[in-house]
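Engineer: Sharing a structure here in structure tokens format.
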Amino acid sequence: MIKRLRVMIFSLGLITGVAVQAASDRAMAPSDQQLAELYWQGHEALKNADWSKARENFSRLEAELQKKEPASADAAVYWQAYALLQARRTAEARATVERLQRTYPDSRWLGDAQDLLRQTRGGVKIAEGDDDEGLAEIAVVGLLQAPADRALPILRKVLSGSQPIKVKKRALFVLSQIDEAAALDTLTEFAKSSNNPELRSEAIRMLGISGDEPAIQKLHDIYAATGSLEDKRSIIQAWLIADRPDLVLQSARNEPDEELRRDAIQALGAMDATAELRSLFESEKSPENSKAILQSLGVAGDTETLVRIAASDQPEELRVEAIRAIGIADGSDAGTTLAGIYKKTSSEEIRSAALEGMLIAGDSEAMLNLYREAGSREEKKALLRMITITDGDAALDLIEAELDSGGTQP
């Protein structure tokens, strides 16, 4: 039944779901910490089907990336198009894809963007020959209904032939849905030895989408045997798709490469694997990966653990990160929690982190209350700087009042 559902979803062109797309993103998030927080806010909004908020977050992310990491801004444009399409704002989604094509002609997101709009009438054409490739894709997906002994030779022929990469990707998906050992062996062989890194990564992802225990075991075997960090990274994302936090935790705990461990930590956050993240935090030796664990706890919404760490005797840099991550968790009382932390400390680092957390959570009211209660002009200045970059009428009213008073309010 599960496989039949996946087949139906794929045939309708909806396989580009949020979890799968987020998992397949090589970088997972921008390298800049504040941009990474904005990235995860956007994905949290997508997970909650809050399309308007998601589009706003990725629009802000694009603007900031243009200043700091312009080469990565195309991803933010793609996710804007995704959010618009999910909100059924098709014309705007199409225009956003056209902008992606025009501004980033070499973007690796163009194919994914085209897949998004292929289900809509009059979808954007990004590459020449799309009509012929579309027919080939339809033909390959049609093999889902064919007997395995007829489908397998044709799929192998497609994979070894000169068909476009996206047609071969469809063939890999069909292989993942055939309940035959020969199909699994073919998919595994492609995942292990394809000369095309993109198709090798796709084959690995399809083993994850398959979700069957034999396929998961094949991924485990490939991970253990390969020396390729890219293949290991793809396998971590496949385990995310298959919802196997136990295997991702093994990588996060035991992988020698620190950056790859960080990718696994981020995947655990996307899986809401709070128990695994808490366990990992206790044993992690790398300060940077400890911070990544705290950020992932924020993505997973584990405010309780973050508050406990913020009040612990951990090094201040980790307590600061935990406080910021409370804003990422974005619970209903995040602003109140952070305001309480702000009031109890005299540390400027802790106070600054609490304000950043409120900003991430979008709780301008909590900052306004702190402003009204501020005991010094310097504290008011620091709070006002934060308040001026928040949204909302209350913040604008305060800005207007300060301007009307000529900045002479106490």
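For the structure tokens, the naming scheme is as follows: chains receive sequential letters (A, B, ...) according to their order of presentation, residues are indexed from 1 within each chain, and ligands are indexed from 1 in presentation order.
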So that I can check the surroundings of A:Leu306, please list as a PyMOL selection string every protein, DNA and RNA residue that reaches within 7 Å of it, counting only C-alpha atoms and ignoring chain neighbours fewer than 6 positions away.

Structural biologist: chain A and resi 322-323+326

Engineer: As a PyMOL selection string, please: the residues near A:Ala93 (cut-off 8 Å, only C-alpha atoms, same-chain neighbours under 3 positions excluded).

Structural biologist: chain A and resi 80-82+84-85+89-90+96-97

Engineer: Report, in Å with one decimal, the straight-line distance from atom CA of A:Leu144 to atom CA of A:Leu175.

Structural biologist: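 Atom-to-atom, atom CA of A:Leu144 to atom CA of A:Leu175, that is 8.6 Å.
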
Engineer: Check the smallest atom-to-atom distance from each of A:Ala83, A:Ala242, A:Ala292, A:Met367 to A:Ala325 using only C-alpha atoms, then report the winner.

Structural biologist: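 With only C-alpha atoms as the atom set, the closest residue is A:Ala292.
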
Engineer: Suppose you want the space between atom CA of A:Gly335 and atom CA of A:Ala366; what is it in Å?

Structural biologist: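 Atom-to-atom, atom CA of A:Gly335 to atom CA of A:Ala366, that is 5.6 Å.
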
Engineer: What's the 12 Å shell around A:Arg372, counting only C-alpha atoms, without same-chain residues fewer than 2 positions away, as an NGL selection string?

Structural biologist: :A and (365-370 or 374-377 or 379-381 or 383-384 or 387 or 398 or 409-410)

Engineer: With all heavy atoms retained, write the just-selected residues as a compact mmCIF listing (two decimals), in the first residue's frame.

Structural biologist:
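Saved to selection03.txt:
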# COMPACT_ATOMS: atom_id res chain seq x y z
N GLU A 365 6.64 42.13 20.14
CA GLU A 365 5.96 42.59 21.35
C GLU A 365 6.83 42.35 22.58
O GLU A 365 6.89 43.20 23.49
CB GLU A 365 4.62 41.88 21.51
CG GLU A 365 3.75 42.41 22.63
CD GLU A 365 3.40 43.89 22.46
OE1 GLU A 365 3.17 44.32 21.31
OE2 GLU A 365 3.38 44.61 23.48
N ALA A 366 7.52 41.22 22.63
CA ALA A 366 8.40 40.93 23.77
C ALA A 366 9.52 41.95 23.85
O ALA A 366 9.89 42.42 24.94
CB ALA A 366 8.98 39.51 23.64
N MET A 367 10.06 42.34 22.70
CA MET A 367 11.12 43.35 22.69
C MET A 367 10.58 44.72 23.08
O MET A 367 11.25 45.49 23.77
CB MET A 367 11.77 43.41 21.31
CG MET A 367 12.76 42.28 21.07
SD MET A 367 13.71 42.48 19.55
CE MET A 367 12.57 41.78 18.38
N LEU A 368 9.36 45.02 22.67
CA LEU A 368 8.75 46.31 23.04
C LEU A 368 8.56 46.39 24.55
O LEU A 368 8.79 47.45 25.15
CB LEU A 368 7.41 46.47 22.32
CG LEU A 368 7.48 46.82 20.84
CD1 LEU A 368 6.11 46.66 20.19
CD2 LEU A 368 7.98 48.24 20.65
N ASN A 369 8.14 45.29 25.16
CA ASN A 369 7.97 45.28 26.62
C ASN A 369 9.30 45.51 27.32
O ASN A 369 9.38 46.24 28.31
CB ASN A 369 7.35 43.96 27.06
CG ASN A 369 5.89 43.84 26.66
OD1 ASN A 369 5.21 44.84 26.46
ND2 ASN A 369 5.41 42.61 26.52
N LEU A 370 10.36 44.88 26.80
CA LEU A 370 11.69 45.10 27.38
C LEU A 370 12.12 46.55 27.21
O LEU A 370 12.74 47.13 28.11
CB LEU A 370 12.71 44.17 26.72
CG LEU A 370 12.59 42.68 27.04
CD1 LEU A 370 13.58 41.87 26.20
CD2 LEU A 370 12.82 42.41 28.53
N ALA A 374 13.23 49.17 30.16
CA ALA A 374 14.69 49.36 30.17
C ALA A 374 15.09 50.42 31.20
O ALA A 374 14.44 51.45 31.35
CB ALA A 374 15.17 49.76 28.79
N GLY A 375 16.20 50.12 31.89
CA GLY A 375 16.62 51.00 32.97
C GLY A 375 17.64 52.04 32.57
O GLY A 375 17.98 52.90 33.39
N SER A 376 18.17 51.97 31.36
CA SER A 376 19.18 52.95 30.96
C SER A 376 19.00 53.31 29.48
O SER A 376 18.39 52.58 28.71
CB SER A 376 20.60 52.38 31.15
OG SER A 376 20.86 51.37 30.20
N ARG A 377 19.56 54.45 29.13
CA ARG A 377 19.47 54.92 27.75
C ARG A 377 20.24 53.99 26.81
O ARG A 377 19.81 53.73 25.69
CB ARG A 377 20.01 56.35 27.66
CG ARG A 377 19.76 57.01 26.31
CD ARG A 377 20.14 58.48 26.37
NE ARG A 377 19.92 59.13 25.09
CZ ARG A 377 18.74 59.58 24.67
NH1 ARG A 377 17.68 59.43 25.44
NH2 ARG A 377 18.62 60.18 23.50
N GLU A 379 20.69 50.79 27.16
CA GLU A 379 19.89 49.58 26.95
C GLU A 379 18.76 49.86 25.97
O GLU A 379 18.46 49.04 25.09
CB GLU A 379 19.32 49.10 28.29
CG GLU A 379 18.57 47.77 28.17
CD GLU A 379 17.98 47.32 29.50
OE1 GLU A 379 18.19 48.00 30.52
OE2 GLU A 379 17.31 46.27 29.49
N LYS A 380 18.14 51.03 26.09
CA LYS A 380 17.08 51.39 25.15
C LYS A 380 17.61 51.46 23.72
O LYS A 380 16.95 51.04 22.76
CB LYS A 380 16.45 52.73 25.55
CG LYS A 380 15.41 52.65 26.64
CD LYS A 380 14.81 54.01 26.93
CE LYS A 380 13.67 53.92 27.93
NZ LYS A 380 12.44 53.41 27.30
N LYS A 381 18.82 51.99 23.56
CA LYS A 381 19.41 52.07 22.22
C LYS A 381 19.58 50.68 21.62
O LYS A 381 19.25 50.45 20.45
CB LYS A 381 20.76 52.78 22.28
CG LYS A 381 20.69 54.28 22.48
CD LYS A 381 22.11 54.86 22.53
CE LYS A 381 22.10 56.36 22.73
NZ LYS A 381 23.49 56.92 22.77
N LEU A 383 17.99 47.94 22.38
CA LEU A 383 16.68 47.36 22.09
C LEU A 383 16.05 48.00 20.86
O LEU A 383 15.46 47.31 20.02
CB LEU A 383 15.77 47.52 23.31
CG LEU A 383 16.08 46.57 24.47
CD1 LEU A 383 15.47 47.09 25.76
CD2 LEU A 383 15.56 45.17 24.16
N LEU A 384 16.18 49.32 20.74
CA LEU A 384 15.57 50.01 19.61
C LEU A 384 16.19 49.56 18.29
O LEU A 384 15.50 49.43 17.28
CB LEU A 384 15.70 51.52 19.79
CG LEU A 384 14.98 52.38 18.74
CD1 LEU A 384 13.48 52.09 18.73
CD2 LEU A 384 15.24 53.88 19.00
N ILE A 387 14.43 46.42 17.48
CA ILE A 387 13.01 46.62 17.19
C ILE A 387 12.81 47.22 15.79
O ILE A 387 11.85 46.89 15.08
CB ILE A 387 12.37 47.53 18.26
CG1 ILE A 387 12.33 46.79 19.61
CG2 ILE A 387 10.96 47.97 17.85
CD1 ILE A 387 11.97 47.66 20.79
N LEU A 398 6.35 52.70 17.67
CA LEU A 398 7.45 53.12 18.54
C LEU A 398 8.46 53.97 17.77
O LEU A 398 8.93 55.00 18.27
CB LEU A 398 8.15 51.89 19.14
CG LEU A 398 9.36 52.19 20.02
CD1 LEU A 398 8.97 53.04 21.22
CD2 LEU A 398 10.03 50.90 20.48
N GLN A 409 13.00 61.10 24.34
CA GLN A 409 12.31 60.34 25.36
C GLN A 409 13.34 59.72 26.32
O GLN A 409 14.42 59.34 25.89
CB GLN A 409 11.45 59.23 24.72
CG GLN A 409 10.27 59.81 23.95
CD GLN A 409 9.31 58.71 23.53
OE1 GLN A 409 9.26 57.69 24.18
NE2 GLN A 409 8.55 58.95 22.48
N PRO A 410 12.98 59.57 27.57
CA PRO A 410 13.92 59.02 28.56
C PRO A 410 14.18 57.54 28.30
O PRO A 410 13.39 56.89 27.67
CB PRO A 410 13.20 59.22 29.90
CG PRO A 410 11.75 59.34 29.57
CD PRO A 410 11.69 59.97 28.21

Engineer: Take atom CA of A:Val77 and atom CA of A:Ser59 and report the distance between them in Å, one decimal.

Structural biologist: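 So the answer is 7.3 Å.
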
Engineer: In stretch 41-186 of chain A, what's alpha helix (DSSP H) per DSSP? Answer as a PyMOL selection string?

Structural biologist: chain A and resi 41-47+51-68+73-86+90-103+110-118+130-142+148-160+165-176+181-186

Engineer: Excluding A:Lys232 and its own-chain neighbours fewer than 5 positions away, which residues fall within 10 Å of it when counting only C-alpha atoms? Please give them as a short mmCIF file (atom, residue, chain, number, x, y, z; two decimals) with C-alpha atoms, in the first residue's frame.

Structural biologist:
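See part-v1.cif below for the written result:
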data_model
loop_
_atom_site.label_atom_id
_atom_site.label_comp_id
_atom_site.auth_asym_id
_atom_site.auth_seq_id
_atom_site.Cartn_x
_atom_site.Cartn_y
_atom_site.Cartn_z
CA SER A 201 23.26 10.39 -5.89
CA ILE A 204 21.06 6.42 -3.52
CA LEU A 219 22.69 1.82 1.73
CA HIS A 220 24.42 0.79 4.93
CA ILE A 222 27.59 1.30 0.45
CA TYR A 223 28.23 3.79 3.25
CA ALA A 224 30.64 1.40 4.95
CA ALA A 225 32.53 0.66 1.72
CA THR A 226 32.77 4.07 0.04
CA GLY A 227 35.46 6.65 0.56
CA GLN A 237 19.88 12.21 3.13
CA ALA A 238 18.46 8.89 1.92
CA SER A 251 26.97 8.74 11.23
CA GLU A 255 31.91 9.56 11.10
CA LEU A 260 29.89 15.15 7.38
CA ALA A 264 24.07 14.21 9.86
#

Engineer: If we count only C-alpha atoms and set the cut-off at 12 Å, which residues sit around A:Glu349, ignoring sequence neighbours fewer than 2 positions away in its own chain? Please answer as a JSON list (two decimals) with all heavy atoms, in the first residue's frame.

Structural biologist:
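Result went into result-v7.json, see below:
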[["chain", "number", "residue", "atom", "x", "y", "z"],
["A", 316, "GLU", "N", 29.87, 29.58, 27.83],
["A", 316, "GLU", "CA", 28.94, 30.64, 27.43],
["A", 316, "GLU", "C", 28.61, 30.59, 25.94],
["A", 316, "GLU", "O", 27.47, 30.85, 25.55],
["A", 316, "GLU", "CB", 29.51, 32.02, 27.78],
["A", 316, "GLU", "CG", 28.50, 33.14, 27.50],
["A", 316, "GLU", "CD", 28.98, 34.49, 27.99],
["A", 316, "GLU", "OE1", 29.89, 35.06, 27.34],
["A", 316, "GLU", "OE2", 28.44, 34.97, 29.00],
["A", 317, "GLU", "N", 29.58, 30.23, 25.09],
["A", 317, "GLU", "CA", 29.30, 30.21, 23.66],
["A", 317, "GLU", "C", 28.20, 29.20, 23.31],
["A", 317, "GLU", "O", 27.41, 29.42, 22.39],
["A", 317, "GLU", "CB", 30.56, 29.91, 22.85],
["A", 317, "GLU", "CG", 31.18, 28.55, 23.09],
["A", 317, "GLU", "CD", 32.36, 28.29, 22.17],
["A", 317, "GLU", "OE1", 32.36, 28.79, 21.03],
["A", 317, "GLU", "OE2", 33.30, 27.58, 22.61],
["A", 318, "LEU", "N", 28.13, 28.09, 24.08],
["A", 318, "LEU", "CA", 27.09, 27.11, 23.84],
["A", 318, "LEU", "C", 25.75, 27.57, 24.42],
["A", 318, "LEU", "O", 24.69, 27.35, 23.83],
["A", 318, "LEU", "CB", 27.48, 25.75, 24.42],
["A", 318, "LEU", "CG", 28.67, 25.05, 23.75],
["A", 318, "LEU", "CD1", 28.91, 23.68, 24.37],
["A", 318, "LEU", "CD2", 28.45, 24.92, 22.24],
["A", 319, "ARG", "N", 25.80, 28.22, 25.57],
["A", 319, "ARG", "CA", 24.55, 28.77, 26.14],
["A", 319, "ARG", "C", 23.98, 29.85, 25.23],
["A", 319, "ARG", "O", 22.76, 29.94, 25.04],
["A", 319, "ARG", "CB", 24.81, 29.31, 27.54],
["A", 319, "ARG", "CG", 25.07, 28.19, 28.55],
["A", 319, "ARG", "CD", 25.15, 28.70, 29.97],
["A", 319, "ARG", "NE", 26.37, 29.44, 30.23],
["A", 319, "ARG", "CZ", 26.43, 30.70, 30.64],
["A", 319, "ARG", "NH1", 25.31, 31.38, 30.84],
["A", 319, "ARG", "NH2", 27.58, 31.29, 30.85],
["A", 320, "VAL", "N", 24.86, 30.66, 24.63],
["A", 320, "VAL", "CA", 24.42, 31.68, 23.68],
["A", 320, "VAL", "C", 23.73, 31.02, 22.49],
["A", 320, "VAL", "O", 22.67, 31.47, 22.03],
["A", 320, "VAL", "CB", 25.63, 32.54, 23.22],
["A", 320, "VAL", "CG1", 25.29, 33.31, 21.94],
["A", 320, "VAL", "CG2", 26.03, 33.51, 24.33],
["A", 321, "GLU", "N", 24.33, 29.95, 21.99],
["A", 321, "GLU", "CA", 23.75, 29.26, 20.83],
["A", 321, "GLU", "C", 22.40, 28.63, 21.19],
["A", 321, "GLU", "O", 21.47, 28.65, 20.37],
["A", 321, "GLU", "CB", 24.71, 28.18, 20.33],
["A", 321, "GLU", "CG", 24.42, 27.71, 18.91],
["A", 321, "GLU", "CD", 24.60, 28.82, 17.89],
["A", 321, "GLU", "OE1", 25.64, 29.51, 17.92],
["A", 321, "GLU", "OE2", 23.68, 29.01, 17.06],
["A", 323, "ILE", "N", 20.29, 29.74, 23.36],
["A", 323, "ILE", "CA", 19.30, 30.83, 23.46],
["A", 323, "ILE", "C", 18.84, 31.26, 22.08],
["A", 323, "ILE", "O", 17.64, 31.45, 21.84],
["A", 323, "ILE", "CB", 19.91, 32.01, 24.25],
["A", 323, "ILE", "CG1", 20.11, 31.60, 25.72],
["A", 323, "ILE", "CG2", 19.02, 33.25, 24.16],
["A", 323, "ILE", "CD1", 21.01, 32.53, 26.51],
["A", 324, "ARG", "N", 19.77, 31.42, 21.14],
["A", 324, "ARG", "CA", 19.36, 31.75, 19.78],
["A", 324, "ARG", "C", 18.43, 30.68, 19.21],
["A", 324, "ARG", "O", 17.47, 30.97, 18.51],
["A", 324, "ARG", "CB", 20.59, 31.90, 18.88],
["A", 324, "ARG", "CG", 21.46, 33.10, 19.16],
["A", 324, "ARG", "CD", 22.40, 33.34, 17.99],
["A", 324, "ARG", "NE", 23.36, 34.40, 18.27],
["A", 324, "ARG", "CZ", 24.64, 34.20, 18.57],
["A", 324, "ARG", "NH1", 25.12, 32.96, 18.65],
["A", 324, "ARG", "NH2", 25.45, 35.20, 18.81],
["A", 341, "ILE", "N", 14.98, 35.17, 30.14],
["A", 341, "ILE", "CA", 16.43, 34.96, 30.14],
["A", 341, "ILE", "C", 17.14, 36.31, 30.10],
["A", 341, "ILE", "O", 18.12, 36.53, 30.81],
["A", 341, "ILE", "CB", 16.84, 34.09, 28.93],
["A", 341, "ILE", "CG1", 16.32, 32.66, 29.12],
["A", 341, "ILE", "CG2", 18.35, 34.09, 28.74],
["A", 341, "ILE", "CD1", 16.48, 31.77, 27.90],
["A", 342, "TYR", "N", 16.65, 37.21, 29.27],
["A", 342, "TYR", "CA", 17.24, 38.56, 29.14],
["A", 342, "TYR", "C", 17.26, 39.28, 30.49],
["A", 342, "TYR", "O", 18.26, 39.88, 30.88],
["A", 342, "TYR", "CB", 16.42, 39.35, 28.11],
["A", 342, "TYR", "CG", 16.88, 40.77, 27.91],
["A", 342, "TYR", "CD1", 17.74, 41.10, 26.87],
["A", 342, "TYR", "CD2", 16.43, 41.79, 28.75],
["A", 342, "TYR", "CE1", 18.16, 42.41, 26.67],
["A", 342, "TYR", "CE2", 16.84, 43.10, 28.57],
["A", 342, "TYR", "CZ", 17.71, 43.41, 27.52],
["A", 342, "TYR", "OH", 18.12, 44.71, 27.33],
["A", 345, "THR", "N", 19.96, 38.12, 33.41],
["A", 345, "THR", "CA", 21.40, 38.14, 33.22],
["A", 345, "THR", "C", 21.93, 39.55, 33.03],
["A", 345, "THR", "O", 21.20, 40.44, 32.58],
["A", 345, "THR", "CB", 21.80, 37.30, 31.98],
["A", 345, "THR", "OG1", 23.22, 37.25, 31.87],
["A", 345, "THR", "CG2", 21.22, 37.88, 30.71],
["A", 346, "SER", "N", 23.17, 39.72, 33.38],
["A", 346, "SER", "CA", 23.85, 40.99, 33.10],
["A", 346, "SER", "C", 24.86, 40.82, 31.97],
["A", 346, "SER", "O", 25.50, 41.79, 31.57],
["A", 346, "SER", "CB", 24.57, 41.49, 34.37],
["A", 346, "SER", "OG", 25.52, 40.53, 34.79],
["A", 347, "SER", "N", 24.97, 39.60, 31.46],
["A", 347, "SER", "CA", 25.92, 39.32, 30.37],
["A", 347, "SER", "C", 25.40, 39.93, 29.07],
["A", 347, "SER", "O", 24.28, 39.62, 28.63],
["A", 347, "SER", "CB", 26.10, 37.81, 30.19],
["A", 347, "SER", "OG", 26.71, 37.52, 28.95],
["A", 351, "ARG", "N", 22.33, 38.57, 26.69],
["A", 351, "ARG", "CA", 21.23, 39.48, 26.34],
["A", 351, "ARG", "C", 21.10, 39.63, 24.82],
["A", 351, "ARG", "O", 19.99, 39.60, 24.27],
["A", 351, "ARG", "CB", 21.47, 40.86, 26.98],
["A", 351, "ARG", "CG", 21.14, 40.90, 28.45],
["A", 351, "ARG", "CD", 21.14, 42.33, 28.98],
["A", 351, "ARG", "NE", 20.46, 42.42, 30.26],
["A", 351, "ARG", "CZ", 20.12, 43.56, 30.85],
["A", 351, "ARG", "NH1", 20.40, 44.71, 30.28],
["A", 351, "ARG", "NH2", 19.49, 43.54, 32.01],
["A", 352, "SER", "N", 22.23, 39.78, 24.16],
["A", 352, "SER", "CA", 22.21, 39.93, 22.71],
["A", 352, "SER", "C", 21.62, 38.68, 22.06],
["A", 352, "SER", "O", 20.82, 38.77, 21.11],
["A", 352, "SER", "CB", 23.62, 40.19, 22.20],
["A", 352, "SER", "OG", 23.64, 40.27, 20.79],
["A", 353, "ALA", "N", 22.00, 37.50, 22.57],
["A", 353, "ALA", "CA", 21.46, 36.25, 22.02],
["A", 353, "ALA", "C", 19.96, 36.15, 22.23],
["A", 353, "ALA", "O", 19.22, 35.69, 21.36],
["A", 353, "ALA", "CB", 22.17, 35.05, 22.67],
["A", 354, "ALA", "N", 19.49, 36.58, 23.41],
["A", 354, "ALA", "CA", 18.05, 36.55, 23.67],
["A", 354, "ALA", "C", 17.30, 37.46, 22.71],
["A", 354, "ALA", "O", 16.22, 37.10, 22.20],
["A", 354, "ALA", "CB", 17.78, 36.96, 25.12],
["A", 355, "LEU", "N", 17.86, 38.63, 22.44],
["A", 355, "LEU", "CA", 17.22, 39.55, 21.48],
["A", 355, "LEU", "C", 17.22, 38.96, 20.08],
["A", 355, "LEU", "O", 16.23, 39.07, 19.35],
["A", 355, "LEU", "CB", 17.94, 40.90, 21.50],
["A", 355, "LEU", "CG", 17.80, 41.73, 22.78],
["A", 355, "LEU", "CD1", 18.64, 43.00, 22.68],
["A", 355, "LEU", "CD2", 16.34, 42.08, 23.05],
["A", 356, "GLU", "N", 18.34, 38.34, 19.70],
["A", 356, "GLU", "CA", 18.38, 37.70, 18.38],
["A", 356, "GLU", "C", 17.35, 36.59, 18.29],
["A", 356, "GLU", "O", 16.71, 36.41, 17.25],
["A", 356, "GLU", "CB", 19.78, 37.15, 18.13],
["A", 356, "GLU", "CG", 20.83, 38.22, 17.87],
["A", 356, "GLU", "CD", 22.22, 37.63, 17.72],
["A", 356, "GLU", "OE1", 22.32, 36.45, 17.32],
["A", 356, "GLU", "OE2", 23.20, 38.33, 18.00]]
